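Trainee: Sending over a structure as structure tokens; questions will come in a sec.
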Amino acid sequence: MTELSRADLEALAQWDTPTICNGLELMDAKHRTAGFTTGSMVCFDPGLKPIVGYARTALIRATTPPAGDAAALRAMRARYYEHVAAQPMPSIAVLQDIDPEPGFGAFWGEVNTAIHKGLGCLGTVTNGSFRDLEACAPGFQLLGGKIGPSHAWVHLAEIACEVNVLGMAVRPNDIVHADRHGAVVVPAGCVKRLPAAIDLLTRREAVILEAARAPGFDAAILARAMADSAEIH
């Protein structure tokens, strides 16, 4: 298993999620068609920098009351929070709403953002909803399917399981990179190699961008710039 430090993950936060996707595509073409969110999402705070952390997963639902007695439900919620706070850290909560109408009831609001932030979680990626926009924990990023007013019967249905959030399949402790554009799973073996891949892409793009932004730019200049870009290794 690849040994990663917190600094290795934090290094990836200097780039937005599309750039991370570009780097992964350069490393292996299979990343062009899998591993990232494809559905439309709502971002709580577009101004926050990207978050990078280990996925802590769960299934939720809200249209029907939870089964089981109060003690069992409290115990499951306690196990979920232990899952969120477990090593390695930092964590990102990745919750799949399995209701026929995802987001009918909001799991995320003032209370859960405060709890998760306090436990060292950086944010969430979910197809569900969130609410309490004025009261959510500052700095805690929410990427959700929609905004809604009620929590309805929202409850945990399963924890520490494989989930699929808007096309992105995630397992517990997968590394997730997310920002206002969406999210992508970063294979552990790619984390330390991504900076070099992104550097190569940046140098290649710089040649084309410089030409495109210069006076007198035309199709012939573009063709030369593209050829020069392709020669950069």
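All residue names refer to the structure tokens as shown: chains lettered A, B, ... in order, residues numbered from 1 in each chain, ligands numbered from 1 in order.
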Among stretch 139-186 of chain A, which residues does DSSP mark as strand (DSSP E or B) when it is run on the backbone? Keep the chain and numbering as in the structure and answer as a PyMOL selection string.
Mentor: chain A and resi 141-144+146-147+155-159+163-165+168-170+175-179+182-186
Trainee: Store the residues picked out above in a file with N, CA and C atoms, as a PDB file, in the first residue's frame.
Mentor:
```
ATOM      1  N   GLN A 141     -16.929  22.501   3.586  1.00  0.00           N
ATOM      2  CA  GLN A 141     -17.470  22.532   2.233  1.00  0.00           C
ATOM      3  C   GLN A 141     -18.604  21.528   2.053  1.00  0.00           C
ATOM      4  N   LEU A 142     -19.663  21.994   1.393  1.00  0.00           N
ATOM      5  CA  LEU A 142     -20.815  21.155   1.087  1.00  0.00           C
ATOM      6  C   LEU A 142     -21.016  21.132  -0.417  1.00  0.00           C
ATOM      7  N   LEU A 143     -20.920  19.940  -0.998  1.00  0.00           N
ATOM      8  CA  LEU A 143     -21.258  19.724  -2.405  1.00  0.00           C
ATOM      9  C   LEU A 143     -22.418  18.753  -2.427  1.00  0.00           C
ATOM     10  N   GLY A 144     -23.597  19.246  -2.788  1.00  0.00           N
ATOM     11  CA  GLY A 144     -24.785  18.421  -2.718  1.00  0.00           C
ATOM     12  C   GLY A 144     -25.628  18.480  -3.960  1.00  0.00           C
ATOM     13  N   LYS A 146     -28.830  19.316  -4.023  1.00  0.00           N
ATOM     14  CA  LYS A 146     -29.727  20.465  -3.997  1.00  0.00           C
ATOM     15  C   LYS A 146     -29.806  21.024  -2.586  1.00  0.00           C
ATOM     16  N   ILE A 147     -30.491  22.161  -2.456  1.00  0.00           N
ATOM     17  CA  ILE A 147     -30.773  22.792  -1.176  1.00  0.00           C
ATOM     18  C   ILE A 147     -32.241  22.544  -0.847  1.00  0.00           C
ATOM     19  N   HIS A 155     -31.998   9.657   7.972  1.00  0.00           N
ATOM     20  CA  HIS A 155     -31.277   8.771   8.878  1.00  0.00           C
ATOM     21  C   HIS A 155     -30.274   7.937   8.094  1.00  0.00           C
ATOM     22  N   LEU A 156     -29.330   7.369   8.806  1.00  0.00           N
ATOM     23  CA  LEU A 156     -28.333   6.490   8.211  1.00  0.00           C
ATOM     24  C   LEU A 156     -28.955   5.131   7.931  1.00  0.00           C
ATOM     25  N   ALA A 157     -28.688   4.606   6.748  1.00  0.00           N
ATOM     26  CA  ALA A 157     -29.166   3.268   6.393  1.00  0.00           C
ATOM     27  C   ALA A 157     -28.041   2.235   6.432  1.00  0.00           C
ATOM     28  N   GLU A 158     -26.818   2.675   6.147  1.00  0.00           N
ATOM     29  CA  GLU A 158     -25.638   1.791   6.173  1.00  0.00           C
ATOM     30  C   GLU A 158     -24.417   2.678   6.263  1.00  0.00           C
ATOM     31  N   ILE A 159     -23.373   2.193   6.919  1.00  0.00           N
ATOM     32  CA  ILE A 159     -22.156   2.983   7.059  1.00  0.00           C
ATOM     33  C   ILE A 159     -20.942   2.183   6.607  1.00  0.00           C
ATOM     34  N   VAL A 163     -20.316   3.419  -2.088  1.00  0.00           N
ATOM     35  CA  VAL A 163     -21.404   4.309  -2.484  1.00  0.00           C
ATOM     36  C   VAL A 163     -21.152   4.800  -3.906  1.00  0.00           C
ATOM     37  N   ASN A 164     -22.207   5.361  -4.484  1.00  0.00           N
ATOM     38  CA  ASN A 164     -22.075   6.006  -5.786  1.00  0.00           C
ATOM     39  C   ASN A 164     -22.798   7.342  -5.706  1.00  0.00           C
ATOM     40  N   VAL A 165     -22.048   8.417  -5.787  1.00  0.00           N
ATOM     41  CA  VAL A 165     -22.607   9.757  -5.672  1.00  0.00           C
ATOM     42  C   VAL A 165     -22.483  10.466  -7.012  1.00  0.00           C
ATOM     43  N   MET A 168     -19.899   8.970  -9.285  1.00  0.00           N
ATOM     44  CA  MET A 168     -18.584   8.695  -8.707  1.00  0.00           C
ATOM     45  C   MET A 168     -18.689   7.561  -7.692  1.00  0.00           C
ATOM     46  N   ALA A 169     -18.092   6.425  -8.029  1.00  0.00           N
ATOM     47  CA  ALA A 169     -18.074   5.279  -7.125  1.00  0.00           C
ATOM     48  C   ALA A 169     -16.953   5.471  -6.110  1.00  0.00           C
ATOM     49  N   VAL A 170     -17.286   5.276  -4.835  1.00  0.00           N
ATOM     50  CA  VAL A 170     -16.330   5.527  -3.758  1.00  0.00           C
ATOM     51  C   VAL A 170     -16.407   4.419  -2.722  1.00  0.00           C
ATOM     52  N   ILE A 175      -9.226   8.208  -1.594  1.00  0.00           N
ATOM     53  CA  ILE A 175      -8.825   9.615  -1.521  1.00  0.00           C
ATOM     54  C   ILE A 175      -9.680  10.412  -2.497  1.00  0.00           C
ATOM     55  N   VAL A 176     -10.312  11.457  -1.993  1.00  0.00           N
ATOM     56  CA  VAL A 176     -11.220  12.281  -2.793  1.00  0.00           C
ATOM     57  C   VAL A 176     -10.703  13.718  -2.842  1.00  0.00           C
ATOM     58  N   HIS A 177     -10.727  14.292  -4.036  1.00  0.00           N
ATOM     59  CA  HIS A 177     -10.402  15.703  -4.247  1.00  0.00           C
ATOM     60  C   HIS A 177     -11.684  16.382  -4.712  1.00  0.00           C
ATOM     61  N   ALA A 178     -12.065  17.488  -4.083  1.00  0.00           N
ATOM     62  CA  ALA A 178     -13.338  18.124  -4.417  1.00  0.00           C
ATOM     63  C   ALA A 178     -13.247  19.632  -4.315  1.00  0.00           C
ATOM     64  N   ASP A 179     -13.978  20.303  -5.193  1.00  0.00           N
ATOM     65  CA  ASP A 179     -14.153  21.754  -5.111  1.00  0.00           C
ATOM     66  C   ASP A 179     -15.470  22.117  -5.786  1.00  0.00           C
ATOM     67  N   GLY A 182     -16.982  19.829  -8.566  1.00  0.00           N
ATOM     68  CA  GLY A 182     -17.372  18.453  -8.318  1.00  0.00           C
ATOM     69  C   GLY A 182     -16.258  17.715  -7.593  1.00  0.00           C
ATOM     70  N   ALA A 183     -16.186  16.416  -7.786  1.00  0.00           N
ATOM     71  CA  ALA A 183     -15.216  15.613  -7.049  1.00  0.00           C
ATOM     72  C   ALA A 183     -14.661  14.497  -7.909  1.00  0.00           C
ATOM     73  N   VAL A 184     -13.483  14.010  -7.518  1.00  0.00           N
ATOM     74  CA  VAL A 184     -12.840  12.911  -8.223  1.00  0.00           C
ATOM     75  C   VAL A 184     -12.108  12.051  -7.209  1.00  0.00           C
ATOM     76  N   VAL A 185     -12.104  10.731  -7.445  1.00  0.00           N
ATOM     77  CA  VAL A 185     -11.316   9.808  -6.635  1.00  0.00           C
ATOM     78  C   VAL A 185      -9.895   9.780  -7.192  1.00  0.00           C
ATOM     79  N   VAL A 186      -8.920   9.976  -6.311  1.00  0.00           N
ATOM     80  CA  VAL A 186      -7.513   9.936  -6.701  1.00  0.00           C
ATOM     81  C   VAL A 186      -6.899   8.640  -6.173  1.00  0.00           C
TER      82      VAL A 186
END
```
Trainee: Would you mind listing, for every residue of stretch 91-180 of chain A within 9 Å of stretch 58-81 of chain A, the two atoms forming the shortest contact and the distance between them in Å to one decimal, using only C-alpha atoms, sorted by chain and ascending residue number, as CSV?
Mentor:
```
residue,atom,partner,partner_atom,distance
A:Ala93,CA,A:Ala58,CA,8.0
A:Val94,CA,A:Ala58,CA,6.7
A:Leu95,CA,A:Ala58,CA,5.0
A:Gln96,CA,A:Leu59,CA,4.9
A:Asp97,CA,A:Ile60,CA,4.8
A:Ile98,CA,A:Arg61,CA,5.7
A:Asp99,CA,A:Arg61,CA,5.3
A:Pro100,CA,A:Thr63,CA,8.6
A:Glu101,CA,A:Thr63,CA,8.4
A:Pro102,CA,A:Arg61,CA,7.8
A:Gly103,CA,A:Ala62,CA,7.9
A:Phe104,CA,A:Ala62,CA,6.3
A:Gly105,CA,A:Ala62,CA,5.1
A:Ala106,CA,A:Ala62,CA,7.8
A:Phe107,CA,A:Ile60,CA,8.0
A:Ile115,CA,A:Tyr81,CA,8.6
A:His116,CA,A:Tyr81,CA,7.9
A:Leu119,CA,A:Tyr81,CA,8.0
A:Gly128,CA,A:Ile60,CA,8.5
A:His151,CA,A:Ala62,CA,7.2
A:Ala152,CA,A:Ala62,CA,5.7
A:Trp153,CA,A:Ala62,CA,4.3
A:Val154,CA,A:Ala62,CA,3.7
A:His155,CA,A:Ile60,CA,5.6
A:Leu156,CA,A:Ile60,CA,4.5
A:Ala157,CA,A:Ile60,CA,5.1
A:Glu158,CA,A:Leu59,CA,5.1
A:Ile159,CA,A:Ala58,CA,4.2
A:Ala160,CA,A:Ala58,CA,5.7
A:Cys161,CA,A:Ala58,CA,6.1
A:Glu162,CA,A:Ala58,CA,7.9
A:Val163,CA,A:Ala58,CA,7.1
A:Pro172,CA,A:Ala58,CA,8.9
```
Trainee: For A:Val42, which residue among A:Ser129, A:Thr17, A:Asn22, A:Ser91 is the nearest when counting only C-alpha atoms?
Mentor: A:Ser129
Trainee: If we count only C-alpha atoms, what is near A:Phe140 at a cut-off of 7 Å, once residues fewer than 5 positions away on the same chain are taken out, given as number ranges by chain?
Mentor: A: 113, 117, 122-123
Trainee: I'd like the interatomic distance between atom CA of A:Arg224 and atom CA of A:Leu200, to a tenth of an Å.
Mentor: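 It comes out at 18.5 Å.
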